[in-house]
file protein_10.txt (compact mmCIF, N, CA and C atoms and all ligand atoms)
# COMPACT_ATOMS: atom_id res chain seq x y z
N MET A 1 -26.03 241.27 -143.51
CA MET A 1 -25.65 240.93 -142.15
C MET A 1 -24.51 241.84 -141.72
N THR A 2 -24.61 242.30 -140.49
CA THR A 2 -23.50 243.08 -139.96
C THR A 2 -22.50 242.12 -139.31
N CYS A 3 -21.27 242.52 -139.26
CA CYS A 3 -20.22 241.64 -138.75
C CYS A 3 -20.46 241.23 -137.30
N ARG A 4 -20.94 242.13 -136.50
CA ARG A 4 -21.13 241.81 -135.07
C ARG A 4 -22.20 240.76 -134.85
N ASP A 5 -23.04 240.53 -135.84
CA ASP A 5 -24.06 239.48 -135.74
C ASP A 5 -23.58 238.17 -136.37
N CYS A 6 -22.39 238.16 -136.89
CA CYS A 6 -21.90 237.02 -137.65
C CYS A 6 -21.03 236.10 -136.78
N PRO A 7 -21.21 234.80 -136.89
CA PRO A 7 -20.37 233.88 -136.10
C PRO A 7 -18.90 233.89 -136.52
N ARG A 8 -18.59 234.45 -137.67
CA ARG A 8 -17.19 234.51 -138.13
C ARG A 8 -16.46 235.75 -137.62
N TYR A 9 -17.16 236.57 -136.86
CA TYR A 9 -16.54 237.79 -136.33
C TYR A 9 -15.82 237.49 -135.02
N ASP A 10 -14.56 237.89 -134.92
CA ASP A 10 -13.76 237.72 -133.73
C ASP A 10 -13.90 238.98 -132.87
N MET A 11 -14.68 238.88 -131.79
CA MET A 11 -14.95 240.04 -130.94
C MET A 11 -13.67 240.57 -130.28
N ASP A 12 -12.78 239.69 -129.90
CA ASP A 12 -11.56 240.13 -129.23
C ASP A 12 -10.64 240.89 -130.18
N ALA A 13 -10.47 240.36 -131.37
CA ALA A 13 -9.59 241.00 -132.35
C ALA A 13 -10.31 242.09 -133.13
N GLU A 14 -11.65 242.14 -133.02
CA GLU A 14 -12.47 243.11 -133.74
C GLU A 14 -12.22 243.05 -135.24
N ARG A 15 -12.24 241.82 -135.77
CA ARG A 15 -12.06 241.63 -137.20
C ARG A 15 -12.68 240.31 -137.63
N CYS A 16 -12.84 240.18 -138.92
CA CYS A 16 -13.38 238.96 -139.50
C CYS A 16 -12.33 237.85 -139.44
N ARG A 17 -12.74 236.68 -139.00
CA ARG A 17 -11.79 235.55 -138.95
C ARG A 17 -11.37 235.11 -140.35
N ASP A 18 -12.19 235.42 -141.34
CA ASP A 18 -11.89 235.02 -142.71
C ASP A 18 -11.13 236.10 -143.49
N GLY A 19 -10.88 237.23 -142.85
CA GLY A 19 -10.16 238.30 -143.51
C GLY A 19 -10.97 239.02 -144.56
N LYS A 20 -12.28 238.92 -144.47
CA LYS A 20 -13.16 239.58 -145.44
C LYS A 20 -13.50 240.99 -144.99
N VAL A 21 -14.02 241.76 -145.95
CA VAL A 21 -14.41 243.14 -145.70
C VAL A 21 -15.90 243.26 -145.99
N ASN A 22 -16.60 244.03 -145.16
CA ASN A 22 -18.06 244.14 -145.27
C ASN A 22 -18.47 245.62 -145.26
N PRO A 23 -18.16 246.36 -146.34
CA PRO A 23 -18.45 247.80 -146.34
C PRO A 23 -19.95 248.08 -146.32
N LEU A 24 -20.32 249.11 -145.57
CA LEU A 24 -21.73 249.48 -145.48
C LEU A 24 -22.18 250.29 -146.69
N GLU A 25 -21.33 251.18 -147.18
CA GLU A 25 -21.71 252.09 -148.26
C GLU A 25 -21.24 251.56 -149.61
N TRP A 26 -22.05 251.83 -150.65
CA TRP A 26 -21.74 251.40 -152.01
C TRP A 26 -20.39 251.95 -152.48
N GLU A 27 -20.14 253.22 -152.24
CA GLU A 27 -18.89 253.85 -152.70
C GLU A 27 -17.68 253.16 -152.06
N THR A 28 -17.81 252.81 -150.80
CA THR A 28 -16.71 252.11 -150.12
C THR A 28 -16.53 250.71 -150.69
N ALA A 29 -17.65 250.05 -150.98
CA ALA A 29 -17.56 248.70 -151.55
C ALA A 29 -16.86 248.73 -152.91
N VAL A 30 -17.15 249.75 -153.71
CA VAL A 30 -16.50 249.88 -155.02
C VAL A 30 -15.00 250.10 -154.82
N SER A 31 -14.65 251.00 -153.92
CA SER A 31 -13.23 251.28 -153.69
C SER A 31 -12.49 250.05 -153.18
N VAL A 32 -13.10 249.34 -152.24
CA VAL A 32 -12.46 248.14 -151.69
C VAL A 32 -12.27 247.09 -152.77
N SER A 33 -13.29 246.90 -153.61
CA SER A 33 -13.16 245.89 -154.66
C SER A 33 -12.12 246.28 -155.69
N GLN A 34 -11.95 247.59 -155.91
CA GLN A 34 -10.93 248.04 -156.87
C GLN A 34 -9.52 247.86 -156.30
N VAL A 35 -9.37 248.11 -155.00
CA VAL A 35 -8.03 248.05 -154.39
C VAL A 35 -7.67 246.62 -153.97
N LEU A 36 -8.59 245.95 -153.29
CA LEU A 36 -8.30 244.62 -152.73
C LEU A 36 -8.83 243.46 -153.58
N GLY A 37 -9.74 243.78 -154.49
CA GLY A 37 -10.33 242.74 -155.32
C GLY A 37 -11.70 242.33 -154.81
N LEU A 38 -12.51 241.83 -155.73
CA LEU A 38 -13.88 241.44 -155.37
C LEU A 38 -13.91 240.30 -154.37
N ARG A 39 -12.92 239.45 -154.38
CA ARG A 39 -12.89 238.32 -153.44
C ARG A 39 -12.71 238.76 -152.00
N SER A 40 -12.27 239.99 -151.80
CA SER A 40 -12.12 240.48 -150.43
C SER A 40 -13.46 240.88 -149.82
N ILE A 41 -14.47 241.06 -150.66
CA ILE A 41 -15.79 241.45 -150.17
C ILE A 41 -16.52 240.23 -149.62
N CYS A 42 -17.07 240.37 -148.44
CA CYS A 42 -17.80 239.28 -147.78
C CYS A 42 -19.00 238.84 -148.62
N SER A 43 -19.27 237.55 -148.60
CA SER A 43 -20.42 237.03 -149.35
C SER A 43 -21.75 237.48 -148.75
N PHE A 44 -21.73 237.97 -147.52
CA PHE A 44 -22.95 238.49 -146.89
C PHE A 44 -23.16 239.98 -147.17
N ASN A 45 -22.20 240.61 -147.82
CA ASN A 45 -22.30 242.05 -148.05
C ASN A 45 -23.45 242.37 -148.99
N ARG A 46 -24.21 243.40 -148.67
CA ARG A 46 -25.40 243.73 -149.45
C ARG A 46 -25.08 244.29 -150.83
N HIS A 47 -23.87 244.72 -151.07
CA HIS A 47 -23.49 245.28 -152.37
C HIS A 47 -22.80 244.27 -153.28
N ARG A 48 -22.53 243.08 -152.79
CA ARG A 48 -21.69 242.13 -153.52
C ARG A 48 -22.30 241.72 -154.87
N GLU A 49 -23.58 241.40 -154.89
CA GLU A 49 -24.21 240.98 -156.14
C GLU A 49 -24.17 242.08 -157.18
N ARG A 50 -24.37 243.30 -156.72
CA ARG A 50 -24.32 244.43 -157.65
C ARG A 50 -22.91 244.64 -158.18
N LEU A 51 -21.91 244.45 -157.33
CA LEU A 51 -20.52 244.55 -157.78
C LEU A 51 -20.21 243.49 -158.83
N ILE A 52 -20.69 242.27 -158.59
CA ILE A 52 -20.47 241.18 -159.55
C ILE A 52 -21.16 241.51 -160.88
N ALA A 53 -22.40 241.99 -160.80
CA ALA A 53 -23.14 242.33 -162.02
C ALA A 53 -22.46 243.46 -162.78
N ALA A 54 -21.88 244.41 -162.06
CA ALA A 54 -21.21 245.53 -162.70
C ALA A 54 -19.98 245.07 -163.47
N ARG A 55 -19.41 243.93 -163.09
CA ARG A 55 -18.22 243.42 -163.78
C ARG A 55 -18.57 242.45 -164.89
N ALA A 56 -19.87 242.14 -165.06
CA ALA A 56 -20.29 241.19 -166.09
C ALA A 56 -20.00 241.77 -167.47
N PRO A 57 -19.65 240.92 -168.42
CA PRO A 57 -19.40 241.40 -169.77
C PRO A 57 -20.65 242.04 -170.37
N LEU A 58 -20.45 242.94 -171.32
CA LEU A 58 -21.59 243.57 -171.99
C LEU A 58 -22.47 242.50 -172.61
N GLY A 59 -23.77 242.72 -172.59
CA GLY A 59 -24.70 241.75 -173.14
C GLY A 59 -25.34 240.91 -172.06
N ARG A 60 -24.72 240.87 -170.88
CA ARG A 60 -25.32 240.17 -169.75
C ARG A 60 -26.05 241.19 -168.89
N ALA A 61 -26.80 240.66 -167.93
CA ALA A 61 -27.55 241.53 -167.05
C ALA A 61 -26.61 242.47 -166.32
N ARG A 62 -26.91 243.74 -166.35
CA ARG A 62 -26.09 244.74 -165.69
C ARG A 62 -26.98 245.51 -164.72
N PRO A 63 -26.40 246.07 -163.69
CA PRO A 63 -27.22 246.80 -162.73
C PRO A 63 -27.83 248.03 -163.38
N THR A 64 -29.02 248.40 -162.95
CA THR A 64 -29.70 249.55 -163.50
C THR A 64 -29.48 250.80 -162.68
N ARG A 65 -28.98 250.66 -161.48
CA ARG A 65 -28.72 251.79 -160.62
C ARG A 65 -27.29 252.16 -160.63
S1 LIG B 101 -16.93 240.12 -143.12
FE1 LIG B 101 -18.65 238.73 -143.50
S2 LIG B 101 -17.95 236.69 -142.80
FE2 LIG B 101 -16.61 238.27 -141.91
S3 LIG B 101 -17.49 238.74 -139.91
FE3 LIG B 101 -18.30 240.22 -141.36
S4 LIG B 101 -20.24 239.36 -142.05
FE4 LIG B 101 -19.06 237.70 -141.11
call {"tool": "encode", "arguments": {"input": "protein_10.txt", "output": "structure tokens"}}
result
Amino acid sequence: MTCRDCPRYDMDAERCRDGKVNPLEWETAVSVSQVLGLRSICSFNRHRERLIAARAPLGRARPTR
């Protein structure tokens, strides 16, 4: 979901009301999660599950890409 389609998006302030980040590109999502933490990534973000899987301990399912 893009932010402008989301009911949590504040059109006047041009930001998420929840203070979340919704990066479009994988590289940006990785950088944001490294700097701000995984909790800063929106639950609607398309890269979030992959970021979570990438942090899983060895022996658990890990991303293949
Ligand atoms: S970051 Fe997520 S919750 Fe916030 S406005 Fe964007 S899509 Fe909605």
call {"tool": "select_by_dssp", "arguments": {"input": "protein_10.txt", "residues": "chain A", "states": "alpha helix (DSSP H)", "output": "number ranges by chain"}}
result
A: 26-36, 48-54
call {"tool": "closest_residue", "arguments": {"input": "protein_10.txt", "among": "A:Thr2, A:Cys16, A:Thr28, A:Asn22", "to": "Ile41 (chain A)", "atoms": "all atoms listed in the file"}}
result
A:Asn22
call {"tool": "axis_aligned_box", "arguments": {"input": "protein_10.txt", "around": "ligand LIG 101 (chain B)", "padding_each_side": "3 Å", "output": "AutoDock Vina command-line options"}}
result
--center_x -18.4 --center_y 238.5 --center_z -141.7 --size_x 9.6 --size_y 9.5 --size_z 9.6
call {"tool": "closest_atom_pairs", "arguments": {"input": "protein_10.txt", "of": "chain A", "to": "ligand LIG 101 (chain B)", "cutoff": "7 Å", "atoms": "all atoms listed in the file", "output": "Markdown table"}}
result
| residue | atom | partner | partner_atom | distance |
| --- | --- | --- | --- | --- |
| A:Met1 | C | B:LIG101 | S4 | 4.9 |
| A:Thr2 | C | B:LIG101 | S4 | 4.5 |
| A:Cys3 | CA | B:LIG101 | FE3 | 3.5 |
| A:Arg4 | N | B:LIG101 | FE3 | 5.9 |
| A:Asp5 | C | B:LIG101 | FE4 | 6.6 |
| A:Cys6 | CA | B:LIG101 | FE4 | 4.5 |
| A:Pro7 | N | B:LIG101 | FE4 | 5.6 |
| A:Arg8 | C | B:LIG101 | S3 | 3.9 |
| A:Tyr9 | N | B:LIG101 | S3 | 3.8 |
| A:Asp10 | N | B:LIG101 | S3 | 5.8 |
| A:Arg15 | C | B:LIG101 | S3 | 5.5 |
| A:Cys16 | CA | B:LIG101 | FE2 | 4.1 |
| A:Arg17 | N | B:LIG101 | FE2 | 5.1 |
| A:Asp18 | N | B:LIG101 | FE2 | 5.3 |
| A:Gly19 | N | B:LIG101 | FE2 | 5.9 |
| A:Lys20 | C | B:LIG101 | S1 | 4.0 |
| A:Val21 | C | B:LIG101 | S1 | 4.4 |
| A:Asn22 | N | B:LIG101 | S1 | 4.4 |
| A:Ile41 | C | B:LIG101 | S1 | 6.5 |
| A:Cys42 | CA | B:LIG101 | FE1 | 4.4 |
| A:Ser43 | N | B:LIG101 | FE1 | 5.3 |
| A:Phe44 | N | B:LIG101 | FE1 | 5.1 |
| A:Asn45 | N | B:LIG101 | FE1 | 5.9 |
call {"tool": "select_by_dssp", "arguments": {"input": "protein_10.txt", "residues": "region 5-35 of chain A", "states": "strand (DSSP E or B)", "output": "ChimeraX atom specification"}}
result
/A:9-10,15-16,21
call {"tool": "atom_distance", "arguments": {"input": "protein_10.txt", "atom1": "atom C of Met11 (chain A)", "atom2": "atom N of Arg50 (chain A)"}}
result
28.7 Å
call {"tool": "decode", "arguments": {"input": "protein_10.txt", "residues": "chain A", "atoms": "C-alpha atoms", "output": "compact mmCIF listing (two decimals), in the first residue's frame"}}
result
# COMPACT_ATOMS: atom_id res chain seq x y z
CA MET A 1 0.00 0.00 0.00
CA THR A 2 1.21 3.46 -0.77
CA CYS A 3 0.88 6.08 1.93
CA ARG A 4 -1.43 8.33 -0.08
CA ASP A 5 -3.95 5.48 -0.24
CA CYS A 6 -3.74 4.84 3.49
CA PRO A 7 -6.22 6.25 6.03
CA ARG A 8 -3.30 6.84 8.44
CA TYR A 9 -1.68 9.33 6.06
CA ASP A 10 -2.03 13.00 7.04
CA MET A 11 -2.43 14.87 3.73
CA ASP A 12 -1.90 18.28 5.32
CA ALA A 13 1.29 17.36 7.14
CA GLU A 14 2.38 14.99 4.33
CA ARG A 15 3.42 12.32 6.80
CA CYS A 16 2.24 9.17 8.49
CA ARG A 17 0.16 9.81 11.61
CA ASP A 18 1.85 6.81 13.22
CA GLY A 19 5.37 8.02 12.47
CA LYS A 20 6.10 4.99 10.32
CA VAL A 21 8.27 4.81 7.22
CA ASN A 22 7.22 3.09 3.99
CA PRO A 23 10.27 2.86 1.69
CA LEU A 24 9.63 1.84 -1.90
CA GLU A 25 13.05 0.34 -2.63
CA TRP A 26 14.65 -2.64 -0.88
CA GLU A 27 17.97 -0.84 -0.38
CA THR A 28 16.20 2.06 1.31
CA ALA A 29 14.21 -0.30 3.51
CA VAL A 30 17.43 -1.98 4.65
CA SER A 31 19.06 1.37 5.42
CA VAL A 32 16.01 2.64 7.31
CA SER A 33 15.77 -0.53 9.38
CA GLN A 34 19.48 -0.32 10.21
CA VAL A 35 19.31 3.34 11.25
CA LEU A 36 15.82 3.66 12.76
CA GLY A 37 15.07 0.03 13.57
CA LEU A 38 12.69 -2.50 12.10
CA ARG A 39 9.79 -1.13 14.14
CA SER A 40 9.98 2.09 12.16
CA ILE A 41 8.99 0.22 9.00
CA CYS A 42 5.26 0.28 8.26
CA SER A 43 3.43 -3.02 8.57
CA PHE A 44 2.04 -2.43 5.06
CA ASN A 45 5.50 -2.10 3.55
CA ARG A 46 6.19 -4.70 0.87
CA HIS A 47 9.73 -5.36 2.13
CA ARG A 48 8.87 -5.81 5.81
CA GLU A 49 8.46 -9.60 5.83
CA ARG A 50 11.73 -10.03 4.00
CA LEU A 51 13.48 -7.74 6.48
CA ILE A 52 12.08 -9.79 9.37
CA ALA A 53 13.17 -13.05 7.71
CA ALA A 54 16.65 -11.65 7.11
CA ARG A 55 16.98 -11.07 10.86
CA ALA A 56 15.82 -14.59 11.78
CA PRO A 57 18.40 -16.76 13.53
CA LEU A 58 20.28 -19.29 11.42
CA GLY A 59 18.31 -22.50 10.96
CA ARG A 60 15.03 -20.69 10.42
CA ALA A 61 13.56 -19.75 7.08
CA ARG A 62 15.70 -17.10 5.45
CA PRO A 63 15.05 -15.12 2.30
CA THR A 64 16.41 -16.63 -0.89
CA ARG A 65 16.81 -13.36 -2.74
